[in-house]
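For reference, final.txt (compact mmCIF, N, CA and C atoms):
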```
# COMPACT_ATOMS: atom_id res chain seq x y z
N MET A 1 27.02 -0.25 6.78
CA MET A 1 25.96 -0.06 5.78
C MET A 1 26.23 -0.94 4.58
N ASN A 2 25.30 -1.77 4.23
CA ASN A 2 25.40 -2.64 3.06
C ASN A 2 25.34 -1.78 1.80
N MET A 3 26.22 -2.04 0.85
CA MET A 3 26.26 -1.24 -0.38
C MET A 3 24.95 -1.32 -1.16
N ALA A 4 24.23 -2.43 -1.05
CA ALA A 4 22.98 -2.59 -1.79
C ALA A 4 21.79 -1.96 -1.08
N THR A 5 21.96 -1.59 0.17
CA THR A 5 20.85 -1.04 0.94
C THR A 5 20.63 0.42 0.58
N LYS A 6 19.40 0.76 0.26
CA LYS A 6 19.03 2.14 -0.06
C LYS A 6 18.38 2.74 1.17
N TYR A 7 18.98 3.80 1.68
CA TYR A 7 18.39 4.56 2.78
C TYR A 7 17.80 5.84 2.22
N PHE A 8 16.57 6.13 2.58
CA PHE A 8 15.88 7.33 2.13
C PHE A 8 16.06 8.45 3.13
N THR A 9 16.05 9.67 2.62
CA THR A 9 15.97 10.85 3.47
C THR A 9 14.52 11.31 3.47
N VAL A 10 14.18 12.16 4.42
CA VAL A 10 12.83 12.72 4.47
C VAL A 10 12.54 13.47 3.18
N ALA A 11 13.51 14.24 2.70
CA ALA A 11 13.33 15.01 1.46
C ALA A 11 13.08 14.10 0.27
N GLU A 12 13.80 12.97 0.20
CA GLU A 12 13.60 12.03 -0.91
C GLU A 12 12.19 11.44 -0.87
N VAL A 13 11.75 11.05 0.31
CA VAL A 13 10.40 10.47 0.43
C VAL A 13 9.36 11.51 0.02
N ASN A 14 9.49 12.71 0.54
CA ASN A 14 8.53 13.76 0.20
C ASN A 14 8.52 14.06 -1.29
N ALA A 15 9.67 13.95 -1.94
CA ALA A 15 9.74 14.18 -3.39
C ALA A 15 9.05 13.06 -4.17
N LEU A 16 8.99 11.86 -3.60
CA LEU A 16 8.34 10.73 -4.27
C LEU A 16 6.82 10.72 -4.08
N LEU A 17 6.33 11.35 -3.05
CA LEU A 17 4.90 11.27 -2.72
C LEU A 17 3.97 11.70 -3.85
N PRO A 18 4.30 12.72 -4.65
CA PRO A 18 3.39 13.07 -5.75
C PRO A 18 3.23 11.95 -6.79
N GLN A 19 4.23 11.07 -6.91
CA GLN A 19 4.09 9.92 -7.80
C GLN A 19 3.39 8.75 -7.11
N LEU A 20 3.72 8.54 -5.84
CA LEU A 20 3.20 7.39 -5.12
C LEU A 20 1.74 7.55 -4.69
N GLU A 21 1.35 8.74 -4.28
CA GLU A 21 0.00 8.93 -3.74
C GLU A 21 -1.10 8.56 -4.73
N PRO A 22 -1.03 8.98 -6.01
CA PRO A 22 -2.10 8.58 -6.93
C PRO A 22 -2.14 7.07 -7.16
N MET A 23 -0.97 6.44 -7.22
CA MET A 23 -0.94 4.98 -7.42
C MET A 23 -1.55 4.27 -6.21
N LEU A 24 -1.19 4.73 -5.02
CA LEU A 24 -1.74 4.12 -3.81
C LEU A 24 -3.24 4.36 -3.72
N GLY A 25 -3.69 5.54 -4.14
CA GLY A 25 -5.13 5.83 -4.17
C GLY A 25 -5.88 4.87 -5.08
N GLN A 26 -5.32 4.63 -6.28
CA GLN A 26 -5.94 3.68 -7.21
C GLN A 26 -5.95 2.28 -6.61
N LEU A 27 -4.85 1.92 -5.96
CA LEU A 27 -4.75 0.61 -5.34
C LEU A 27 -5.81 0.43 -4.26
N LEU A 28 -6.00 1.44 -3.43
CA LEU A 28 -7.00 1.36 -2.37
C LEU A 28 -8.42 1.28 -2.94
N GLU A 29 -8.68 2.02 -4.02
CA GLU A 29 -9.99 1.96 -4.67
C GLU A 29 -10.25 0.58 -5.24
N ARG A 30 -9.26 0.02 -5.95
CA ARG A 30 -9.42 -1.32 -6.53
C ARG A 30 -9.61 -2.37 -5.44
N ARG A 31 -8.85 -2.25 -4.37
CA ARG A 31 -8.96 -3.20 -3.27
C ARG A 31 -10.37 -3.15 -2.67
N ALA A 32 -10.89 -1.95 -2.46
CA ALA A 32 -12.24 -1.81 -1.91
C ALA A 32 -13.27 -2.43 -2.85
N ARG A 33 -13.06 -2.25 -4.15
CA ARG A 33 -13.99 -2.83 -5.13
C ARG A 33 -13.94 -4.35 -5.10
N VAL A 34 -12.74 -4.92 -4.98
CA VAL A 34 -12.61 -6.37 -4.91
C VAL A 34 -13.30 -6.90 -3.66
N VAL A 35 -13.15 -6.20 -2.54
CA VAL A 35 -13.81 -6.62 -1.30
C VAL A 35 -15.32 -6.61 -1.49
N ARG A 36 -15.84 -5.53 -2.10
CA ARG A 36 -17.30 -5.47 -2.36
C ARG A 36 -17.73 -6.60 -3.29
N GLN A 37 -16.97 -6.83 -4.35
CA GLN A 37 -17.31 -7.89 -5.30
C GLN A 37 -17.29 -9.26 -4.61
N GLY A 38 -16.31 -9.46 -3.74
CA GLY A 38 -16.23 -10.72 -3.01
C GLY A 38 -17.44 -10.93 -2.12
N GLN A 39 -17.89 -9.86 -1.48
CA GLN A 39 -19.08 -9.96 -0.62
C GLN A 39 -20.32 -10.26 -1.47
N GLN A 40 -20.41 -9.61 -2.63
CA GLN A 40 -21.55 -9.86 -3.51
C GLN A 40 -21.53 -11.30 -4.02
N MET A 41 -20.35 -11.78 -4.39
CA MET A 41 -20.23 -13.16 -4.88
C MET A 41 -20.63 -14.14 -3.79
N SER A 42 -20.26 -13.83 -2.56
CA SER A 42 -20.60 -14.68 -1.43
C SER A 42 -22.11 -14.78 -1.28
N HIS A 43 -22.79 -13.65 -1.39
CA HIS A 43 -24.25 -13.65 -1.29
C HIS A 43 -24.87 -14.42 -2.45
N VAL A 44 -24.32 -14.21 -3.64
CA VAL A 44 -24.85 -14.88 -4.83
C VAL A 44 -24.67 -16.39 -4.71
N LEU A 45 -23.49 -16.81 -4.27
CA LEU A 45 -23.23 -18.25 -4.15
C LEU A 45 -24.09 -18.87 -3.06
N GLY A 46 -24.47 -18.09 -2.08
CA GLY A 46 -25.36 -18.59 -1.03
C GLY A 46 -26.78 -18.77 -1.51
N ASP A 47 -27.15 -18.06 -2.56
CA ASP A 47 -28.49 -18.15 -3.15
C ASP A 47 -28.36 -18.85 -4.49
N MET A 48 -28.55 -20.15 -4.51
CA MET A 48 -28.31 -20.94 -5.72
C MET A 48 -29.27 -20.60 -6.86
N ARG A 49 -30.32 -19.86 -6.58
CA ARG A 49 -31.23 -19.47 -7.66
C ARG A 49 -30.63 -18.34 -8.48
N SER A 50 -29.63 -17.65 -7.93
CA SER A 50 -29.01 -16.54 -8.65
C SER A 50 -28.15 -17.06 -9.79
N ASN A 51 -28.05 -16.25 -10.80
CA ASN A 51 -27.22 -16.58 -11.94
C ASN A 51 -25.92 -15.80 -11.81
N VAL A 52 -24.83 -16.49 -11.50
CA VAL A 52 -23.54 -15.84 -11.35
C VAL A 52 -23.02 -15.51 -12.73
N GLY A 53 -22.85 -14.22 -12.99
CA GLY A 53 -22.42 -13.79 -14.31
C GLY A 53 -20.91 -13.82 -14.47
N GLY A 54 -20.47 -14.18 -15.66
CA GLY A 54 -19.05 -14.19 -15.97
C GLY A 54 -18.44 -12.81 -15.94
N ALA A 55 -19.25 -11.79 -16.18
CA ALA A 55 -18.74 -10.41 -16.18
C ALA A 55 -18.24 -10.01 -14.80
N ASP A 56 -18.94 -10.45 -13.75
CA ASP A 56 -18.51 -10.14 -12.38
C ASP A 56 -17.16 -10.77 -12.08
N ALA A 57 -17.01 -12.04 -12.43
CA ALA A 57 -15.75 -12.73 -12.20
C ALA A 57 -14.64 -12.12 -13.04
N SER A 58 -14.95 -11.75 -14.26
CA SER A 58 -13.97 -11.14 -15.14
C SER A 58 -13.51 -9.79 -14.60
N ALA A 59 -14.44 -9.00 -14.09
CA ALA A 59 -14.09 -7.70 -13.51
C ALA A 59 -13.20 -7.88 -12.28
N MET A 60 -13.50 -8.90 -11.50
CA MET A 60 -12.71 -9.17 -10.30
C MET A 60 -11.28 -9.56 -10.68
N VAL A 61 -11.14 -10.42 -11.68
CA VAL A 61 -9.82 -10.82 -12.16
C VAL A 61 -9.05 -9.60 -12.67
N GLN A 62 -9.73 -8.75 -13.42
CA GLN A 62 -9.10 -7.53 -13.93
C GLN A 62 -8.63 -6.64 -12.78
N ASP A 63 -9.45 -6.50 -11.75
CA ASP A 63 -9.06 -5.70 -10.59
C ASP A 63 -7.83 -6.29 -9.90
N PHE A 64 -7.79 -7.62 -9.76
CA PHE A 64 -6.63 -8.26 -9.15
C PHE A 64 -5.37 -7.99 -9.97
N MET A 65 -5.48 -8.03 -11.29
CA MET A 65 -4.33 -7.77 -12.15
C MET A 65 -3.84 -6.32 -11.99
N VAL A 66 -4.77 -5.39 -11.92
CA VAL A 66 -4.41 -3.98 -11.73
C VAL A 66 -3.75 -3.79 -10.36
N ILE A 67 -4.30 -4.42 -9.34
CA ILE A 67 -3.73 -4.33 -7.99
C ILE A 67 -2.29 -4.85 -7.99
N GLU A 68 -2.07 -5.99 -8.61
CA GLU A 68 -0.72 -6.56 -8.66
C GLU A 68 0.24 -5.62 -9.39
N SER A 69 -0.21 -5.05 -10.49
CA SER A 69 0.62 -4.11 -11.24
C SER A 69 0.95 -2.87 -10.42
N LEU A 70 -0.05 -2.31 -9.75
CA LEU A 70 0.17 -1.13 -8.93
C LEU A 70 1.13 -1.42 -7.77
N LEU A 71 0.97 -2.59 -7.14
CA LEU A 71 1.89 -2.98 -6.07
C LEU A 71 3.32 -3.04 -6.58
N ASP A 72 3.51 -3.65 -7.75
CA ASP A 72 4.85 -3.75 -8.34
C ASP A 72 5.41 -2.36 -8.63
N GLN A 73 4.58 -1.48 -9.17
CA GLN A 73 5.04 -0.12 -9.48
C GLN A 73 5.45 0.63 -8.21
N ILE A 74 4.65 0.50 -7.17
CA ILE A 74 4.95 1.19 -5.91
C ILE A 74 6.24 0.64 -5.30
N LYS A 75 6.37 -0.68 -5.27
CA LYS A 75 7.57 -1.30 -4.70
C LYS A 75 8.82 -0.95 -5.49
N ALA A 76 8.68 -0.69 -6.78
CA ALA A 76 9.83 -0.34 -7.62
C ALA A 76 10.49 0.96 -7.16
N TYR A 77 9.78 1.79 -6.43
CA TYR A 77 10.36 3.02 -5.89
C TYR A 77 11.26 2.74 -4.68
N GLY A 78 11.22 1.52 -4.17
CA GLY A 78 12.08 1.14 -3.06
C GLY A 78 11.42 1.15 -1.70
N CYS A 79 10.12 1.40 -1.67
CA CYS A 79 9.41 1.42 -0.38
C CYS A 79 8.74 0.07 -0.15
N GLU A 80 8.25 -0.10 1.05
CA GLU A 80 7.53 -1.32 1.42
C GLU A 80 6.07 -0.96 1.69
N VAL A 81 5.17 -1.73 1.09
CA VAL A 81 3.74 -1.56 1.36
C VAL A 81 3.46 -2.37 2.63
N LYS A 82 3.12 -1.67 3.70
CA LYS A 82 2.96 -2.34 5.00
C LYS A 82 1.52 -2.71 5.32
N ASP A 83 0.57 -1.91 4.88
CA ASP A 83 -0.82 -2.17 5.23
C ASP A 83 -1.72 -1.57 4.15
N LEU A 84 -2.38 -2.45 3.39
CA LEU A 84 -3.26 -1.97 2.33
C LEU A 84 -4.56 -1.38 2.88
N ASN A 85 -4.99 -1.85 4.03
CA ASN A 85 -6.22 -1.28 4.62
C ASN A 85 -6.03 0.18 4.97
N ALA A 86 -4.87 0.50 5.54
CA ALA A 86 -4.61 1.86 6.00
C ALA A 86 -3.85 2.70 4.98
N GLY A 87 -3.30 2.05 3.95
CA GLY A 87 -2.50 2.78 2.97
C GLY A 87 -1.16 3.21 3.54
N LEU A 88 -0.45 2.27 4.18
CA LEU A 88 0.82 2.58 4.83
C LEU A 88 2.01 2.17 3.97
N LEU A 89 2.94 3.10 3.82
CA LEU A 89 4.20 2.82 3.14
C LEU A 89 5.34 3.12 4.09
N ASP A 90 6.36 2.26 4.09
CA ASP A 90 7.56 2.47 4.89
C ASP A 90 8.77 2.59 3.97
N PHE A 91 9.69 3.47 4.37
CA PHE A 91 10.91 3.73 3.62
C PHE A 91 12.09 3.57 4.57
N LEU A 92 13.01 2.68 4.25
CA LEU A 92 14.17 2.45 5.10
C LEU A 92 15.02 3.71 5.18
N ALA A 93 15.43 4.05 6.39
CA ALA A 93 16.23 5.26 6.61
C ALA A 93 17.19 5.01 7.77
N GLU A 94 18.08 5.97 7.96
CA GLU A 94 18.97 5.95 9.12
C GLU A 94 18.75 7.24 9.91
N ILE A 95 18.48 7.08 11.18
CA ILE A 95 18.36 8.23 12.08
C ILE A 95 19.25 7.95 13.29
N ASP A 96 20.15 8.86 13.56
CA ASP A 96 21.10 8.71 14.68
C ASP A 96 21.83 7.37 14.63
N GLY A 97 22.22 6.95 13.42
CA GLY A 97 22.98 5.72 13.25
C GLY A 97 22.16 4.44 13.35
N ARG A 98 20.84 4.56 13.49
CA ARG A 98 19.97 3.38 13.60
C ARG A 98 19.13 3.23 12.34
N GLU A 99 18.92 1.99 11.93
CA GLU A 99 17.98 1.73 10.83
C GLU A 99 16.57 1.88 11.36
N VAL A 100 15.78 2.67 10.66
CA VAL A 100 14.38 2.89 11.02
C VAL A 100 13.58 2.94 9.72
N TYR A 101 12.28 3.01 9.86
CA TYR A 101 11.41 3.24 8.71
C TYR A 101 10.80 4.63 8.83
N LEU A 102 10.93 5.41 7.75
CA LEU A 102 10.11 6.61 7.61
C LEU A 102 8.73 6.10 7.22
N CYS A 103 7.72 6.53 7.93
CA CYS A 103 6.38 5.96 7.78
C CYS A 103 5.42 7.01 7.24
N TRP A 104 4.80 6.69 6.11
CA TRP A 104 3.83 7.61 5.50
C TRP A 104 2.51 6.89 5.32
N LYS A 105 1.44 7.58 5.66
CA LYS A 105 0.09 7.04 5.53
C LYS A 105 -0.64 7.83 4.46
N TYR A 106 -1.37 7.10 3.61
CA TYR A 106 -2.14 7.73 2.55
C TYR A 106 -3.00 8.86 3.12
N GLY A 107 -2.92 10.01 2.48
CA GLY A 107 -3.67 11.17 2.94
C GLY A 107 -2.83 12.18 3.71
N GLU A 108 -1.68 11.74 4.25
CA GLU A 108 -0.79 12.68 4.91
C GLU A 108 -0.07 13.52 3.85
N SER A 109 0.12 14.80 4.12
CA SER A 109 0.70 15.70 3.13
C SER A 109 2.19 15.48 2.91
N GLU A 110 2.85 14.91 3.91
CA GLU A 110 4.28 14.62 3.82
C GLU A 110 4.62 13.57 4.86
N VAL A 111 5.85 13.06 4.79
CA VAL A 111 6.25 12.08 5.80
C VAL A 111 6.52 12.85 7.09
N LEU A 112 5.84 12.43 8.15
CA LEU A 112 5.90 13.14 9.43
C LEU A 112 6.40 12.27 10.57
N PHE A 113 6.53 10.96 10.32
CA PHE A 113 6.83 10.02 11.40
C PHE A 113 7.87 9.00 10.95
N TYR A 114 8.48 8.38 11.94
CA TYR A 114 9.33 7.21 11.72
C TYR A 114 9.04 6.22 12.83
N HIS A 115 9.53 5.00 12.66
CA HIS A 115 9.42 4.01 13.73
C HIS A 115 10.55 3.01 13.60
N ASP A 116 10.84 2.32 14.70
CA ASP A 116 11.85 1.26 14.68
C ASP A 116 11.39 0.15 13.75
N LEU A 117 12.32 -0.66 13.33
CA LEU A 117 12.00 -1.73 12.38
C LEU A 117 10.99 -2.72 12.96
N GLN A 118 10.99 -2.90 14.27
CA GLN A 118 10.12 -3.90 14.88
C GLN A 118 8.79 -3.35 15.38
N THR A 119 8.67 -2.05 15.59
CA THR A 119 7.48 -1.54 16.27
C THR A 119 6.28 -1.30 15.36
N GLY A 120 6.49 -0.90 14.15
CA GLY A 120 5.38 -0.68 13.24
C GLY A 120 4.62 0.61 13.52
N PHE A 121 3.44 0.69 12.91
CA PHE A 121 2.64 1.92 12.92
C PHE A 121 2.35 2.43 14.33
N ASN A 122 2.04 1.53 15.25
CA ASN A 122 1.69 1.95 16.62
C ASN A 122 2.87 2.58 17.35
N GLY A 123 4.08 2.35 16.85
CA GLY A 123 5.26 2.93 17.48
C GLY A 123 5.78 4.16 16.76
N ARG A 124 4.92 4.80 15.96
CA ARG A 124 5.38 5.97 15.19
C ARG A 124 5.81 7.11 16.12
N ILE A 125 6.92 7.73 15.73
CA ILE A 125 7.50 8.84 16.48
C ILE A 125 7.56 10.04 15.54
N PRO A 126 7.11 11.21 15.99
CA PRO A 126 7.20 12.40 15.12
C PRO A 126 8.66 12.71 14.76
N LEU A 127 8.86 13.14 13.53
CA LEU A 127 10.22 13.51 13.09
C LEU A 127 10.66 14.80 13.77
```
Could you spell out this file's structure in structure tokens?
Amino acid sequence: MNMATKYFTVAEVNALLPQLEPMLGQLLERRARVVRQGQQMSHVLGDMRSNVGGADASAMVQDFMVIESLLDQIKAYGCEVKDLNAGLLDFLAEIDGREVYLCWKYGESEVLFYHDLQTGFNGRIPL
């Protein structure tokens, strides 16, 4: 075990979820808004008669800044953001002497699964 490596326990992850879940929720909301804004901008740019407002671009930049800040805050807890679409966070752990990820998905009440480092979400195994 590397001295710098932080391994999480299930209890530690579950204790962090009340802090992480609201941040991840905000991140998912901002991401969805940026996607919508991008689609709107695409339509506007396709119609050259439209007047592209600076407020739309400014709001999009602000959302990107908030997303970046939230990502940094979430990562500061020591977890890895694996999938923003699904709201997946992984926490490095050891189970039976093997390095694995405890895998939590936004909306789950607690960490219920783990997976090998290479398998990802589709390889989740119940704890």
Next item on the list: Skip Leu92 (chain A) itself and residues of its chain fewer than 6 positions away, then list as a list in words all residues within 6 Å of it, counting only C-alpha atoms.
Entry: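 That gives Tyr7, Phe8, Val100 and Tyr101 of chain A.
If you look at atom N of Val35 (chain A) and CA of Gly78 (chain A), they are 26.3 Å away from each other.
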Item checked: Atomic separation - CA of Leu27 (chain A) relative to atom N of Val66 (chain A), Å -> 8.9 Å
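Atom N of Gly38 (chain A) sits 23.9 Å away from CA of Ile74 (chain A).
With only C-alpha atoms as the basis for measurement, A:Glu110 is the residue among A:Asp96, A:Asp116, A:Glu110, A:Glu68 that approaches Leu20 (chain A) most closely.
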Next item on the list: Enumerate as a list in words all residues of region 66-127 of chain A assigned to alpha helix (DSSP H) by DSSP on the backbone, naming them with the chain letters and numbers the document uses.
Entry: Val66, Ile67, Glu68, Ser69, Leu70, Leu71, Asp72, Gln73, Ile74 and Lys75 of chain A
Note to self: When you look at Gln26 (chain A) with a cut-off of 8 Å (counting all atoms listed in the file), what residues show up, excluding the ones that are within fewer than 4 positions of it in the same chain? I need them as a list in words.
What the structure shows: Leu20, Glu21, Pro22, Arg30, Arg31, Ala32, Val66, Ile67 and Leu70 of chain A
Taking N, CA and C atoms for each residue, export the selection above as a PDB file, in the coordinates of the input.
```
ATOM      1  N   LEU A  20       3.720   8.540  -5.840  1.00  0.00           N
ATOM      2  CA  LEU A  20       3.200   7.390  -5.120  1.00  0.00           C
ATOM      3  C   LEU A  20       1.740   7.550  -4.690  1.00  0.00           C
ATOM      4  N   GLU A  21       1.350   8.740  -4.280  1.00  0.00           N
ATOM      5  CA  GLU A  21       0.000   8.930  -3.740  1.00  0.00           C
ATOM      6  C   GLU A  21      -1.100   8.560  -4.730  1.00  0.00           C
ATOM      7  N   PRO A  22      -1.030   8.980  -6.010  1.00  0.00           N
ATOM      8  CA  PRO A  22      -2.100   8.580  -6.930  1.00  0.00           C
ATOM      9  C   PRO A  22      -2.140   7.070  -7.160  1.00  0.00           C
ATOM     10  N   ARG A  30      -9.260   0.020  -5.950  1.00  0.00           N
ATOM     11  CA  ARG A  30      -9.420  -1.320  -6.530  1.00  0.00           C
ATOM     12  C   ARG A  30      -9.610  -2.370  -5.440  1.00  0.00           C
ATOM     13  N   ARG A  31      -8.850  -2.250  -4.370  1.00  0.00           N
ATOM     14  CA  ARG A  31      -8.960  -3.200  -3.270  1.00  0.00           C
ATOM     15  C   ARG A  31     -10.370  -3.150  -2.670  1.00  0.00           C
ATOM     16  N   ALA A  32     -10.890  -1.950  -2.460  1.00  0.00           N
ATOM     17  CA  ALA A  32     -12.240  -1.810  -1.910  1.00  0.00           C
ATOM     18  C   ALA A  32     -13.270  -2.430  -2.850  1.00  0.00           C
ATOM     19  N   VAL A  66      -4.770  -5.390 -11.920  1.00  0.00           N
ATOM     20  CA  VAL A  66      -4.410  -3.980 -11.730  1.00  0.00           C
ATOM     21  C   VAL A  66      -3.750  -3.790 -10.360  1.00  0.00           C
ATOM     22  N   ILE A  67      -4.300  -4.420  -9.340  1.00  0.00           N
ATOM     23  CA  ILE A  67      -3.730  -4.330  -7.990  1.00  0.00           C
ATOM     24  C   ILE A  67      -2.290  -4.850  -7.990  1.00  0.00           C
ATOM     25  N   LEU A  70      -0.050  -2.310  -9.750  1.00  0.00           N
ATOM     26  CA  LEU A  70       0.170  -1.130  -8.930  1.00  0.00           C
ATOM     27  C   LEU A  70       1.130  -1.420  -7.770  1.00  0.00           C
TER      28      LEU A  70
END
```
Notebook entry, point to check: Which residue, A:Leu102, A:Phe121, A:Glu80, A:Leu127, has the smallest gap to Val13 (chain A) when you use only C-alpha atoms?
Noted result: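 Closest candidate: A:Leu102.
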Determine which residues of chain A receive a DSSP assignment of strand (DSSP E or B), computed from the backbone, and state them as a PDB file with N, CA and C atoms, keeping the file's coordinate frame.
```
ATOM      1  N   GLU A  80       8.250  -0.100   1.050  1.00  0.00           N
ATOM      2  CA  GLU A  80       7.530  -1.320   1.420  1.00  0.00           C
ATOM      3  C   GLU A  80       6.070  -0.960   1.690  1.00  0.00           C
ATOM      4  N   VAL A  81       5.170  -1.730   1.090  1.00  0.00           N
ATOM      5  CA  VAL A  81       3.740  -1.560   1.360  1.00  0.00           C
ATOM      6  C   VAL A  81       3.460  -2.370   2.630  1.00  0.00           C
ATOM      7  N   LYS A  82       3.120  -1.670   3.700  1.00  0.00           N
ATOM      8  CA  LYS A  82       2.960  -2.340   5.000  1.00  0.00           C
ATOM      9  C   LYS A  82       1.520  -2.710   5.320  1.00  0.00           C
ATOM     10  N   ASP A  83       0.570  -1.910   4.880  1.00  0.00           N
ATOM     11  CA  ASP A  83      -0.820  -2.170   5.230  1.00  0.00           C
ATOM     12  C   ASP A  83      -1.720  -1.570   4.150  1.00  0.00           C
ATOM     13  N   LEU A  88      -0.450   2.270   4.180  1.00  0.00           N
ATOM     14  CA  LEU A  88       0.820   2.580   4.830  1.00  0.00           C
ATOM     15  C   LEU A  88       2.010   2.170   3.970  1.00  0.00           C
ATOM     16  N   LEU A  89       2.940   3.100   3.820  1.00  0.00           N
ATOM     17  CA  LEU A  89       4.200   2.820   3.140  1.00  0.00           C
ATOM     18  C   LEU A  89       5.340   3.120   4.090  1.00  0.00           C
ATOM     19  N   ASP A  90       6.360   2.260   4.090  1.00  0.00           N
ATOM     20  CA  ASP A  90       7.560   2.470   4.890  1.00  0.00           C
ATOM     21  C   ASP A  90       8.770   2.590   3.970  1.00  0.00           C
ATOM     22  N   PHE A  91       9.690   3.470   4.370  1.00  0.00           N
ATOM     23  CA  PHE A  91      10.910   3.730   3.620  1.00  0.00           C
ATOM     24  C   PHE A  91      12.090   3.570   4.570  1.00  0.00           C
ATOM     25  N   LEU A  92      13.010   2.680   4.250  1.00  0.00           N
ATOM     26  CA  LEU A  92      14.170   2.450   5.100  1.00  0.00           C
ATOM     27  C   LEU A  92      15.020   3.710   5.180  1.00  0.00           C
ATOM     28  N   ALA A  93      15.430   4.050   6.390  1.00  0.00           N
ATOM     29  CA  ALA A  93      16.230   5.260   6.610  1.00  0.00           C
ATOM     30  C   ALA A  93      17.190   5.010   7.770  1.00  0.00           C
ATOM     31  N   GLU A  94      18.080   5.970   7.960  1.00  0.00           N
ATOM     32  CA  GLU A  94      18.970   5.950   9.120  1.00  0.00           C
ATOM     33  C   GLU A  94      18.750   7.240   9.910  1.00  0.00           C
ATOM     34  N   ILE A  95      18.480   7.080  11.180  1.00  0.00           N
ATOM     35  CA  ILE A  95      18.360   8.230  12.080  1.00  0.00           C
ATOM     36  C   ILE A  95      19.250   7.950  13.290  1.00  0.00           C
ATOM     37  N   ARG A  98      20.840   4.560  13.490  1.00  0.00           N
ATOM     38  CA  ARG A  98      19.970   3.380  13.600  1.00  0.00           C
ATOM     39  C   ARG A  98      19.130   3.230  12.340  1.00  0.00           C
ATOM     40  N   GLU A  99      18.920   1.990  11.930  1.00  0.00           N
ATOM     41  CA  GLU A  99      17.980   1.730  10.830  1.00  0.00           C
ATOM     42  C   GLU A  99      16.570   1.880  11.360  1.00  0.00           C
ATOM     43  N   VAL A 100      15.780   2.670  10.660  1.00  0.00           N
ATOM     44  CA  VAL A 100      14.380   2.890  11.020  1.00  0.00           C
ATOM     45  C   VAL A 100      13.580   2.940   9.720  1.00  0.00           C
ATOM     46  N   TYR A 101      12.280   3.010   9.860  1.00  0.00           N
ATOM     47  CA  TYR A 101      11.410   3.240   8.710  1.00  0.00           C
ATOM     48  C   TYR A 101      10.800   4.630   8.830  1.00  0.00           C
ATOM     49  N   LEU A 102      10.930   5.410   7.750  1.00  0.00           N
ATOM     50  CA  LEU A 102      10.110   6.610   7.610  1.00  0.00           C
ATOM     51  C   LEU A 102       8.730   6.100   7.220  1.00  0.00           C
ATOM     52  N   CYS A 103       7.720   6.530   7.930  1.00  0.00           N
ATOM     53  CA  CYS A 103       6.380   5.960   7.780  1.00  0.00           C
ATOM     54  C   CYS A 103       5.420   7.010   7.240  1.00  0.00           C
ATOM     55  N   TRP A 104       4.800   6.690   6.110  1.00  0.00           N
ATOM     56  CA  TRP A 104       3.830   7.610   5.500  1.00  0.00           C
ATOM     57  C   TRP A 104       2.510   6.890   5.320  1.00  0.00           C
ATOM     58  N   LYS A 105       1.440   7.580   5.660  1.00  0.00           N
ATOM     59  CA  LYS A 105       0.090   7.040   5.530  1.00  0.00           C
ATOM     60  C   LYS A 105      -0.640   7.830   4.460  1.00  0.00           C
ATOM     61  N   PHE A 113       6.530  10.960  10.320  1.00  0.00           N
ATOM     62  CA  PHE A 113       6.830  10.020  11.400  1.00  0.00           C
ATOM     63  C   PHE A 113       7.870   9.000  10.950  1.00  0.00           C
ATOM     64  N   TYR A 114       8.480   8.380  11.940  1.00  0.00           N
ATOM     65  CA  TYR A 114       9.330   7.210  11.720  1.00  0.00           C
ATOM     66  C   TYR A 114       9.040   6.220  12.830  1.00  0.00           C
ATOM     67  N   HIS A 115       9.530   5.000  12.660  1.00  0.00           N
ATOM     68  CA  HIS A 115       9.420   4.010  13.730  1.00  0.00           C
ATOM     69  C   HIS A 115      10.550   3.010  13.600  1.00  0.00           C
ATOM     70  N   ASP A 116      10.840   2.320  14.700  1.00  0.00           N
ATOM     71  CA  ASP A 116      11.850   1.260  14.680  1.00  0.00           C
ATOM     72  C   ASP A 116      11.390   0.150  13.750  1.00  0.00           C
ATOM     73  N   ILE A 125       6.920   7.730  15.730  1.00  0.00           N
ATOM     74  CA  ILE A 125       7.500   8.840  16.480  1.00  0.00           C
ATOM     75  C   ILE A 125       7.560  10.040  15.540  1.00  0.00           C
ATOM     76  N   PRO A 126       7.110  11.210  15.990  1.00  0.00           N
ATOM     77  CA  PRO A 126       7.200  12.400  15.120  1.00  0.00           C
ATOM     78  C   PRO A 126       8.660  12.710  14.760  1.00  0.00           C
TER      79      PRO A 126
END
```
Checklist line | Of the listed residues A:Pro126, A:Gly87, A:Gly97, A:Gly25, that which approaches Leu112 (chain A) most closely, counting only N, CA and C atoms | finding: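 Looking at the shortest contact to Leu112 (chain A), the residue is A:Pro126.
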